[in-house]
Each structure stands twice: as structure tokens, then as C-alpha cells.
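The structure appears below as C-alpha cells.
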Amino acid sequence: MDDRILLSHGEGGKRTRDLIAQVIARHFDNPVLAPFLDSGLLGKIDGEIAFTTDGYVVTPPFFPGGDIGRLAVCGTVNDLAVCGARAVAISCGLILEEGLPLETLERALAAMKEAAAEAEVTVACGDTKVVEKGKGDGIFITTAGIGVSVDGWRPSPPRVRPGDRILLTGTMGDHQVAVLIARQGLALSAPVLSDVAPLAGLLLPVLERFGDRVRFMRDPTRGGVGVTLNEMASTAKARFALEEAWLPVREPVRGVCEILGFDPLYLANEGKAVLIVDGGAAEEILAALRKHPYGREAAVIGEVEAGAPGVRMRTLAGGLRAVDYPVGDQLPRIC
Amino acid sequence: MQLRYIDEFRDPATARALVERIRNDAGDAPVRLMEVCGTHTVAIARIGIRPLLSGAVTMVSGPGCPVCVTPDGYIDAAIALGRGKEAMLASFGDMLRVPGKSSSLEKEKGKGLDVRVVYSPLDAVELAAASPDREVVFLGVGFETTAPAIAGAIRTAAVRGVANFSVLPSVRTIPEAMGVLASDPEVRIEGFLCPAHVSVIIGADAYRPVAEAHRIPCVVAGFEPLDILMGISMLLRQIRKGVARVENEYSRVATASGNRKAQELVREVFVPCDTGWRGIGVIPGSGLRIAERYAAFDAEEKFGVPVVYSPEKTACRCGDVLKGKILPDECPLFGKGCVPEEPYGPCMVSSEGTCAAYYRYGTP
């Protein structure tokens, strides 16, 4: 096997077969993928189906706390999980740039395998394409995912009402700051790790236990909690009131934000969810989330108020301000 | 990481106490104060200070956003340099969407104009050193805070002999503009909250002529919530006592005389000149042009492309906003024809622009 990806690895001939047999099959050795047919045959699936797709172009592909492979699996699993679905199968489309070190591909695939095992999801089908040098950026991954919904639970924004609470499952901004540090070579005294993690194990038991007292959920990836809440407020036609003092941010992330002028509200996360829940059940749901390793720092960050749709925040100083969509420089290619 | 100097200046209990003190010191009619600096404008909006002090203090925003006060003729000159002289333009990101008379750098970039976004003027020198067959023009827009960095880049280019580097200067100084505003009867302000970063360079004493000539209290304040509330409180105390002095709330960073090294660098590379402020007009002695000694790095001289200032004639009321005559929502375009995604005037473009801050953080 060559130690770099060549154009011929994507041409469908012997080199493609070698790549699949010697590299890809070694990482994804499950019975659905193993025959390497044109589709993965999943058999009968019991329940309501959810379906999602995503693309991953993060640069650099490896960053503190994660990499593009883990991101691809977690991102797909989480898009299903916040809609109340347990991921059953995902696809893996690889777009590789000519000259990519084989070792990079191996590392990304190993991470995908590990994340898929953690999320208990099967990589059921895949595709590999190679583009000429200069026409890609090392490695891009595309996925699709199929999931089965938790019995009886559907996201229902119309049920959001004043008095509902807004929960966030942990600290803001870790992923984006980790990628930024990896990209810029910033030296910090305390490490910041990406929070990239599969959330089905955290969220789905909560849905099973609390049912429609969880109104709906989103994962605050690009644009962060600030953008996600604006989208949720407009979907639910509700007014959200945040408390600045309640927003969880890790110290080193806050430090980076202070120095570079970022607002943690708009930084991307890859292992967090925002939940709008019945005010009466909020404390119990919070306690349940906190028992899971990925929800230990979960917090109530605000509540739903009567009034025109939008997001506002009570500031530390006691003032009031709008939390709007950001305009302008967002860091590109963080996921 | 230790973050002392952050939490201490955001303490909610102290903030409440200061708000109460300000309310007690305020009279029946709201006191009109101006925050001169764009970073203060954003901080005040972000912290939600206006609703906190409503009825007691009216904070009007000043001209302290360098992007906002750069005349459209400057954008036109930059585009002409990129188009006609095929220069590579290096700019701070905020400048890209600022409308010139007929276009913006962003629109021209889409049509092939070579515009690079840099974070420091020195990055532009590096760009020039790495592209010896191209002319690289840095769009040197800023106030006293940015002037030393631009001066440093010019001197670095001179020392290293990077002859294909030059600067299209648009550097302005704050105290002269404050003087104009203090004497404008339509502005009617009773005190200045003076900039933090600018003061670190020029020193708090630089506002003395304004305070003395116009008998207006001036307080240098930092950007944290308690800095701003304390600064406002100090202004109110001066007004109550009937004095007009320069006081420094931000003494942990800014001194009376400022950063002498930076001042010397600026004096070496620049000389004062009259300059036009978008929406305000020409203010004598409020600009910095590149000194004879460094004329080879002055893009206006080098390429014979002058920046022409002419008053704008549009429905946009940025000029009145910059002078504190109206609040952004009194402009007929605010939030309608003019939003951050589609800005009509510069105050809506820059992240530090008054209209952008009101639009982004204002509570409907």
C-alpha cells in the first residue's frame, strides 16, 4: 500500500479495491458493510424513522479533544438525537485530496470507528472519491444518518409556553476555541479540549422518562447558543429571557474570548444540547442530565416569557439587552 | 489562567450600588453625557446600561468609530488604487463593507479586486515582502490607538527596504473632534466619557484643553461594567459640584501622560493635518498625514491618487448620529433600508458603529 493517497485510489480500479480492503474494511468491520455491495442492507427497522445528512470540512482535521472522524459521527448522531431519534446507521463519504498521507486517513477512520462504537451506530455504507491536489483540503467527510424515534416523543415547538425553562447541557464554546487554538498555534496555560461527543445516551433517556415535558431540543453547533436560541424562539414563536450569570463557560474559554473579543454565546459546540422544558420539571430534568458524564455541567440558563418572539438577556450588571444573530466575521470551517 | 481584573469589574452588587448613586446624583431632567468611543458604545449596549439609567442619564454616542468617520472618498481612492494601479489592498476586515460613492471593497472584491484582510499593519508589510512583484497598499484607518502600529509598520518597511509597501492614511485624533462637539449648540452635552484605549496612548492630560476651553467635565473610563458606571458617576459628581476637570477612572492602565514611546513613534512618522470626518466635516488639526521623511510610503503621494473629501448627500443620517444629535432609531433608514447585512451608512457597518450596536443589542 502506498503511503499517500493517489488519484488512482479513487478511479474504481485495483487501487480503489486495495484501499477499501486494506484500510477501510479494517476499521469498519461490521456485517452490514462487510459484503461491500452498493447499499448497506439494514433489514426491518421498527419505529418511526428520522433521517439526516451533514458534511465535515474542519481545518485542521485534528484538534485538541477530537478530529474530523469523531466529529462526523457525533454530528450526525446528535442531529438525530435532538430530534428524539436513536441513530441506527450512518454512511461515510470520503473526499480525499491527492497526496493525503495514508496515516491521516487511518487516524480519522479509527476515530470514526471508536465514536461509532460509543454511539452504538453502524457505519452501513460508504464512498471514496479522490480529487486532484489543490482541489480539496486533505480530507472531507460527508454522512447521512438514519435513526428511530423514541416512542411517542416528537419535537413540538408549539407547546412552548411562558414559564418553561431553557436548559443547556454544559459549557459553551469549547469546540470552537479548541479548533482556533489548533489553527493559530495559540499557547494557553490551561488546555481547552473540544467537547465533541455523541449525545444520544444523555438525551434519549431523558425523553423516555419525561416525555412531552421536554418541548424540543437543538444542538448549538455553528453560531453557538446565541444563534440556536434565536432560531428556536422564532420556531416556537416565543420570547426567551437569559440570565448572563447562569451561562456556563470554562475559564480558559472565557480568557480566549476576553483576549480576542469573542462572545461565547456565538461560539460553536459539538457536544451540547439546548432543551426547552416544562418549568415544573426543570429541576428534575437538570438532575437527570447531570448524572450523565456529558451533562455534568448542565445548567438552567433562562426561561420563556410572555411577549413578542426573540431572545433577551439580563446582564451581570442588571441591565437588559437583546441577543441577536451575529453579523460579520465568524470563524469559517470549524466543523 | 488567572482572570483578575475581569470579575472585579463586573460585580453585580457593586453595579447596583453605583446605579443607585447615579440615580441619587441625577437631577430632575436627565443628564446628557457622550461616550466618545465606539468600544464604549458597544459595551454600554451589551451591558444594557441605557435601560438601567433611563430617566437619570441619557448617553449619546460620539464619533469614536474610525470606520464610521472615514469619508466615502477614501473608499473610492482605495478602489482606484486597486483597479487603476493594480495594487494589492490590505485592510482591517471592518472596512470591506463600508460604502464608497458607488461601491464597496467587498463588492469590488467579488469582481476581482485583490483585497486581503489583515489583523495588523505589520502583516501587510509581510505580504509586501512576500510579493515583491506587486504593490501592496495598507488601508491605514484608525485613531490614536492604531496610529502607533501603522507608524511602526511604515518604519519597519523603511528599515527593511520593503519598497513595494505603502499606506493610504486615514488617521484621526479624538480630542480635536471632542472640541468641535463640545461647542456645537445642537449637541448639548454636559460631560464626556473619554475613551480607554486612546487614553492609554495619549494620556488623560490630552483632554485638558477640551475640559478647560469648553468647561466640560471629562472622565477617562475603562470598558468593563463597573468602569463605565463609575465613570458616569464621576461625571455626575463633577456636574453637581459645578467643576470641569479631567479625571481618570482607568488609572490601572491609562496614565496622565500616556505611552511616550508610542507618541514618539507617531511623531516620527506622522504630522498633524486638517482632515474631513464623514458626516461631521473638516476639523482643523484632527488628522495625521505621513511625514516628508517617509513620503515614499505614502500611497497618495506615490500613486498620485488623492483622497477627496466631500460632504455626503444621502438620506442616511450617520452624520447626526456621529455627532450625538439624534439616536439611531430617529434616522428614517434605521432597521428598514439600513441593517447590518445591508448597511446604508458606515454606522451600521462597523461592529463598533453606533447604529450597529443599537440594532444588535437594543431591546424592542
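Residue names in the C-alpha cells use chain letters A, B, ... in the order shown, residue numbers from 1 in each chain, and ligand numbers from 1 in the order shown.
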
Every residue of region 118-322 of chain B that DSSP places in alpha helix (DSSP H), as a PyMOL selection string: chain B and resi 121-130+147-160+174-182+197-202+208-214+225-241+260-269+299-303+318-322

Residues flagged strand (DSSP E or B) by DSSP in region 163-302 of chain B, as a ChimeraX atom specification: /B:165-172,191-194,218-220,246-248,270-277,281-290,298

Writer output for current selection, C-alpha atoms, as a PDB file, in the first residue's frame:
ATOM      1  CA  PHE B 165       4.710  48.693   0.624  1.00  0.00           C
ATOM      2  CA  SER B 166       2.746  51.879   1.198  1.00  0.00           C
ATOM      3  CA  VAL B 167      -0.099  53.186   3.345  1.00  0.00           C
ATOM      4  CA  LEU B 168      -3.223  55.083   2.349  1.00  0.00           C
ATOM      5  CA  PRO B 169      -3.606  57.013   5.601  1.00  0.00           C
ATOM      6  CA  SER B 170      -6.885  57.838   7.277  1.00  0.00           C
ATOM      7  CA  VAL B 171      -5.756  58.527  10.817  1.00  0.00           C
ATOM      8  CA  ARG B 172      -7.710  60.844  13.081  1.00  0.00           C
ATOM      9  CA  GLY B 191     -19.851  65.628  30.036  1.00  0.00           C
ATOM     10  CA  PHE B 192     -17.551  63.335  28.096  1.00  0.00           C
ATOM     11  CA  LEU B 193     -16.880  59.706  28.940  1.00  0.00           C
ATOM     12  CA  CYS B 194     -13.421  59.579  27.352  1.00  0.00           C
ATOM     13  CA  CYS B 218     -14.137  64.687  31.156  1.00  0.00           C
ATOM     14  CA  VAL B 219     -13.622  61.237  32.713  1.00  0.00           C
ATOM     15  CA  VAL B 220     -11.410  58.546  31.200  1.00  0.00           C
ATOM     16  CA  VAL B 246     -10.188  65.712  33.623  1.00  0.00           C
ATOM     17  CA  GLU B 247     -10.442  62.697  35.899  1.00  0.00           C
ATOM     18  CA  ASN B 248      -9.145  59.205  35.282  1.00  0.00           C
ATOM     19  CA  PHE B 270       3.167  61.419  11.025  1.00  0.00           C
ATOM     20  CA  VAL B 271       2.457  65.148  11.106  1.00  0.00           C
ATOM     21  CA  PRO B 272      -0.893  66.722  12.070  1.00  0.00           C
ATOM     22  CA  CYS B 273      -3.170  67.954   9.279  1.00  0.00           C
ATOM     23  CA  ASP B 274      -6.738  69.113   8.725  1.00  0.00           C
ATOM     24  CA  THR B 275      -8.999  66.267   7.772  1.00  0.00           C
ATOM     25  CA  GLY B 276     -12.601  65.527   6.867  1.00  0.00           C
ATOM     26  CA  TRP B 277     -14.802  63.350   9.070  1.00  0.00           C
ATOM     27  CA  GLY B 281     -16.954  67.934   8.123  1.00  0.00           C
ATOM     28  CA  VAL B 282     -13.358  69.122   8.118  1.00  0.00           C
ATOM     29  CA  ILE B 283     -11.879  69.502  11.609  1.00  0.00           C
ATOM     30  CA  PRO B 284      -8.643  71.523  11.755  1.00  0.00           C
ATOM     31  CA  GLY B 285      -5.651  69.602  13.085  1.00  0.00           C
ATOM     32  CA  SER B 286      -7.633  66.386  13.619  1.00  0.00           C
ATOM     33  CA  GLY B 287      -5.786  64.181  11.155  1.00  0.00           C
ATOM     34  CA  LEU B 288      -2.350  62.664  10.759  1.00  0.00           C
ATOM     35  CA  ARG B 289      -0.580  62.547   7.410  1.00  0.00           C
ATOM     36  CA  ILE B 290       2.674  60.780   6.618  1.00  0.00           C
ATOM     37  CA  ASP B 298       2.517  57.407   1.349  1.00  0.00           C
TER      38      ASP B 298
END

Hey, could you make a per-residue contact list for chain B against chain A with 8 Å as the cut-off, showing the nearest pair of atoms and its distance in Å to one decimal, counting only C-alpha atoms, sorted by chain and number, as JSON lines?
{"residue": "B:Met1", "atom": "CA", "partner": "A:Ser189", "partner_atom": "CA", "distance": 6.2}
{"residue": "B:Leu3", "atom": "CA", "partner": "A:Gly255", "partner_atom": "CA", "distance": 7.1}
{"residue": "B:Arg10", "atom": "CA", "partner": "A:Ala317", "partner_atom": "CA", "distance": 6.6}
{"residue": "B:Asp11", "atom": "CA", "partner": "A:Ala317", "partner_atom": "CA", "distance": 7.1}
{"residue": "B:Pro12", "atom": "CA", "partner": "A:Ala317", "partner_atom": "CA", "distance": 4.9}
{"residue": "B:Ala15", "atom": "CA", "partner": "A:Ala317", "partner_atom": "CA", "distance": 5.5}
{"residue": "B:Arg16", "atom": "CA", "partner": "A:Ala317", "partner_atom": "CA", "distance": 7.1}
{"residue": "B:Ala45", "atom": "CA", "partner": "A:Arg321", "partner_atom": "CA", "distance": 7.0}
{"residue": "B:Arg46", "atom": "CA", "partner": "A:Arg321", "partner_atom": "CA", "distance": 6.3}
{"residue": "B:Ile47", "atom": "CA", "partner": "A:Thr315", "partner_atom": "CA", "distance": 5.8}
{"residue": "B:Gly48", "atom": "CA", "partner": "A:Gly319", "partner_atom": "CA", "distance": 4.1}
{"residue": "B:Ile49", "atom": "CA", "partner": "A:Gly319", "partner_atom": "CA", "distance": 5.6}
{"residue": "B:Arg50", "atom": "CA", "partner": "A:Gly319", "partner_atom": "CA", "distance": 7.9}
{"residue": "B:Pro51", "atom": "CA", "partner": "A:Gly319", "partner_atom": "CA", "distance": 6.6}
{"residue": "B:Leu52", "atom": "CA", "partner": "A:Gly319", "partner_atom": "CA", "distance": 5.4}
{"residue": "B:Pro225", "atom": "CA", "partner": "A:Ala317", "partner_atom": "CA", "distance": 6.5}
{"residue": "B:Pro340", "atom": "CA", "partner": "A:Val327", "partner_atom": "CA", "distance": 6.6}
{"residue": "B:Glu341", "atom": "CA", "partner": "A:Val327", "partner_atom": "CA", "distance": 6.8}
{"residue": "B:Arg360", "atom": "CA", "partner": "A:Asp324", "partner_atom": "CA", "distance": 5.8}
{"residue": "B:Tyr361", "atom": "CA", "partner": "A:Ala322", "partner_atom": "CA", "distance": 4.5}
{"residue": "B:Gly362", "atom": "CA", "partner": "A:Ala322", "partner_atom": "CA", "distance": 5.6}
{"residue": "B:Thr363", "atom": "CA", "partner": "A:Ala322", "partner_atom": "CA", "distance": 5.1}
{"residue": "B:Pro364", "atom": "CA", "partner": "A:Ala322", "partner_atom": "CA", "distance": 7.9}

Write the residues you've just listed into a file as a PDB file, in the first residue's frame, and include N, CA and C atoms for each of them.
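Produced file out.pdb, reproduced below:
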ATOM      1  N   MET B   1      -5.511  29.803  34.031  1.00  0.00           N
ATOM      2  CA  MET B   1      -5.424  31.224  33.685  1.00  0.00           C
ATOM      3  C   MET B   1      -6.096  32.061  34.772  1.00  0.00           C
ATOM      4  N   LEU B   3      -7.875  35.367  35.965  1.00  0.00           N
ATOM      5  CA  LEU B   3      -8.580  36.459  35.291  1.00  0.00           C
ATOM      6  C   LEU B   3      -8.902  37.573  36.279  1.00  0.00           C
ATOM      7  N   ARG B  10     -17.004  43.409  37.207  1.00  0.00           N
ATOM      8  CA  ARG B  10     -18.336  43.028  36.735  1.00  0.00           C
ATOM      9  C   ARG B  10     -19.260  42.675  37.888  1.00  0.00           C
ATOM     10  N   ASP B  11     -18.841  42.982  39.096  1.00  0.00           N
ATOM     11  CA  ASP B  11     -19.588  42.531  40.270  1.00  0.00           C
ATOM     12  C   ASP B  11     -21.001  43.128  40.317  1.00  0.00           C
ATOM     13  N   PRO B  12     -22.013  42.248  40.323  1.00  0.00           N
ATOM     14  CA  PRO B  12     -23.402  42.743  40.266  1.00  0.00           C
ATOM     15  C   PRO B  12     -23.784  43.634  41.448  1.00  0.00           C
ATOM     16  N   ALA B  15     -22.354  47.020  41.027  1.00  0.00           N
ATOM     17  CA  ALA B  15     -23.062  47.682  39.920  1.00  0.00           C
ATOM     18  C   ALA B  15     -24.373  48.283  40.412  1.00  0.00           C
ATOM     19  N   ARG B  16     -25.100  47.507  41.208  1.00  0.00           N
ATOM     20  CA  ARG B  16     -26.385  48.015  41.729  1.00  0.00           C
ATOM     21  C   ARG B  16     -26.172  49.259  42.585  1.00  0.00           C
ATOM     22  N   ALA B  45     -24.189  49.169  25.260  1.00  0.00           N
ATOM     23  CA  ALA B  45     -25.342  48.444  24.718  1.00  0.00           C
ATOM     24  C   ALA B  45     -25.347  46.989  25.208  1.00  0.00           C
ATOM     25  N   ARG B  46     -24.182  46.373  25.210  1.00  0.00           N
ATOM     26  CA  ARG B  46     -24.076  44.968  25.635  1.00  0.00           C
ATOM     27  C   ARG B  46     -24.428  44.785  27.093  1.00  0.00           C
ATOM     28  N   ILE B  47     -24.011  45.738  27.914  1.00  0.00           N
ATOM     29  CA  ILE B  47     -24.254  45.620  29.353  1.00  0.00           C
ATOM     30  C   ILE B  47     -25.690  46.024  29.676  1.00  0.00           C
ATOM     31  N   GLY B  48     -26.308  46.739  28.762  1.00  0.00           N
ATOM     32  CA  GLY B  48     -27.684  47.173  28.985  1.00  0.00           C
ATOM     33  C   GLY B  48     -27.761  48.381  29.907  1.00  0.00           C
ATOM     34  N   ILE B  49     -26.797  49.290  29.781  1.00  0.00           N
ATOM     35  CA  ILE B  49     -26.721  50.431  30.709  1.00  0.00           C
ATOM     36  C   ILE B  49     -27.821  51.465  30.453  1.00  0.00           C
ATOM     37  N   ARG B  50     -28.207  51.660  29.186  1.00  0.00           N
ATOM     38  CA  ARG B  50     -29.216  52.694  28.912  1.00  0.00           C
ATOM     39  C   ARG B  50     -30.518  52.431  29.657  1.00  0.00           C
ATOM     40  N   PRO B  51     -31.107  51.224  29.522  1.00  0.00           N
ATOM     41  CA  PRO B  51     -32.345  50.995  30.287  1.00  0.00           C
ATOM     42  C   PRO B  51     -32.124  51.090  31.798  1.00  0.00           C
ATOM     43  N   LEU B  52     -30.903  50.728  32.237  1.00  0.00           N
ATOM     44  CA  LEU B  52     -30.592  50.755  33.668  1.00  0.00           C
ATOM     45  C   LEU B  52     -30.632  52.183  34.227  1.00  0.00           C
ATOM     46  N   PRO B 225     -18.212  46.832  32.981  1.00  0.00           N
ATOM     47  CA  PRO B 225     -19.438  47.449  33.513  1.00  0.00           C
ATOM     48  C   PRO B 225     -19.181  48.452  34.641  1.00  0.00           C
ATOM     49  N   PRO B 340     -27.487  45.639   9.454  1.00  0.00           N
ATOM     50  CA  PRO B 340     -26.079  45.226   9.355  1.00  0.00           C
ATOM     51  C   PRO B 340     -25.760  44.399   8.109  1.00  0.00           C
ATOM     52  N   GLU B 341     -26.696  43.586   7.647  1.00  0.00           N
ATOM     53  CA  GLU B 341     -26.431  42.762   6.469  1.00  0.00           C
ATOM     54  C   GLU B 341     -26.398  43.616   5.205  1.00  0.00           C
ATOM     55  N   ARG B 360     -28.123  45.735  17.239  1.00  0.00           N
ATOM     56  CA  ARG B 360     -27.813  44.403  17.716  1.00  0.00           C
ATOM     57  C   ARG B 360     -28.271  44.165  19.149  1.00  0.00           C
ATOM     58  N   TYR B 361     -28.094  45.157  19.992  1.00  0.00           N
ATOM     59  CA  TYR B 361     -28.351  44.933  21.413  1.00  0.00           C
ATOM     60  C   TYR B 361     -29.599  45.642  21.931  1.00  0.00           C
ATOM     61  N   GLY B 362     -30.207  46.458  21.093  1.00  0.00           N
ATOM     62  CA  GLY B 362     -31.380  47.211  21.544  1.00  0.00           C
ATOM     63  C   GLY B 362     -32.508  46.267  21.900  1.00  0.00           C
ATOM     64  N   THR B 363     -33.275  46.606  22.942  1.00  0.00           N
ATOM     65  CA  THR B 363     -34.387  45.737  23.300  1.00  0.00           C
ATOM     66  C   THR B 363     -35.670  46.305  22.740  1.00  0.00           C
ATOM     67  N   PRO B 364     -36.338  45.549  21.888  1.00  0.00           N
ATOM     68  CA  PRO B 364     -37.551  46.047  21.255  1.00  0.00           C
ATOM     69  C   PRO B 364     -38.709  46.173  22.253  1.00  0.00           C
TER      70      PRO B 364
END

Point-to-point distance in Å for CA of Val60 (chain B) and CA of Val19 (chain B): 17.7 Å

Pick from B:Leu113, B:Ala147, B:Met34, B:Ile202 nearest to Lys323 (chain B), counting only C-alpha atoms: B:Met34
